[in-house]
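Student: Just passing along the structure, written as structure tokens.
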Amino acid sequence: MPLTKEKTAAIFAEFGGNATNTGSIEGQIAQLTERISQISQHLQQNKKDFSTHRGLMQLVGKRKRLLNYLQKHNLTGYRQLIEKLGLRK
């Protein structure tokens, strides 16, 4: 189930600074984290849905690459974001 426009706007308003600032790295990472949590819940109920599992792994990889970029370019922002999202690193 994809994210609604309202949920996406709320995520970017909270993490990206503005609802229309969809290019911010922090907002993109927060959006990916929300999608990952939704897909993880789906996979707990549907254990044999392997195509969704592959999509989940791709999203996790994309989030990891964005987190690495943010860590290299804005270390304080990276630390604040992983604390706010509850990611372990």
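Letters A, B, ... go to the chains of the structure tokens in the order shown; residues in each chain start at 1; ligands are counted from 1 in the same order.
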Using only C-alpha atoms, determine which residues lie at most 7 Å from range 56-71 of chain A, disregarding the query and same-chain residues fewer than 2 positions distant; provide the list as a list in words.
Tutor: Ile25, Ile29, Leu32, Ile36, Ile39, Thr52, His53, Arg54, His73, Asn74, Leu75 and Tyr78 of chain A
Student: Pick out the residues sitting within 10 Å of Leu3 in chain A, and hand them over as a list in words; count only C-alpha atoms, and ignore anything fewer than 6 positions along from it in its own chain.
Tutor: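 Final neighbour list, sorted by chain and number: Ala9, Gln31, Glu34, Arg35 and Gln38 of chain A.
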Student: Could you tell me which of A:Ser37, A:Ala30, A:Pro2, A:Leu43 comes closest to Glu14 in chain A if we count only C-alpha atoms?
Tutor: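 Going through A:Ser37, A:Ala30, A:Pro2, A:Leu43 one by one, the smallest distance to Glu14 in chain A is for A:Ala30.
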Student: Go ahead and compute the interatomic distance for CA of Gln28 in chain A and CA of Ser51 in chain A, in Å to one decimal.
Tutor: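 About the pair CA of Gln28 in chain A and CA of Ser51 in chain A: they are 22.8 Å apart.
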Student: Would you give me, as an MDAnalysis selection string, the residues in range 2-75 of chain A that DSSP reads as alpha helix (DSSP H)?
Tutor: chainID A and resid 5:15 25:45 50:73 75
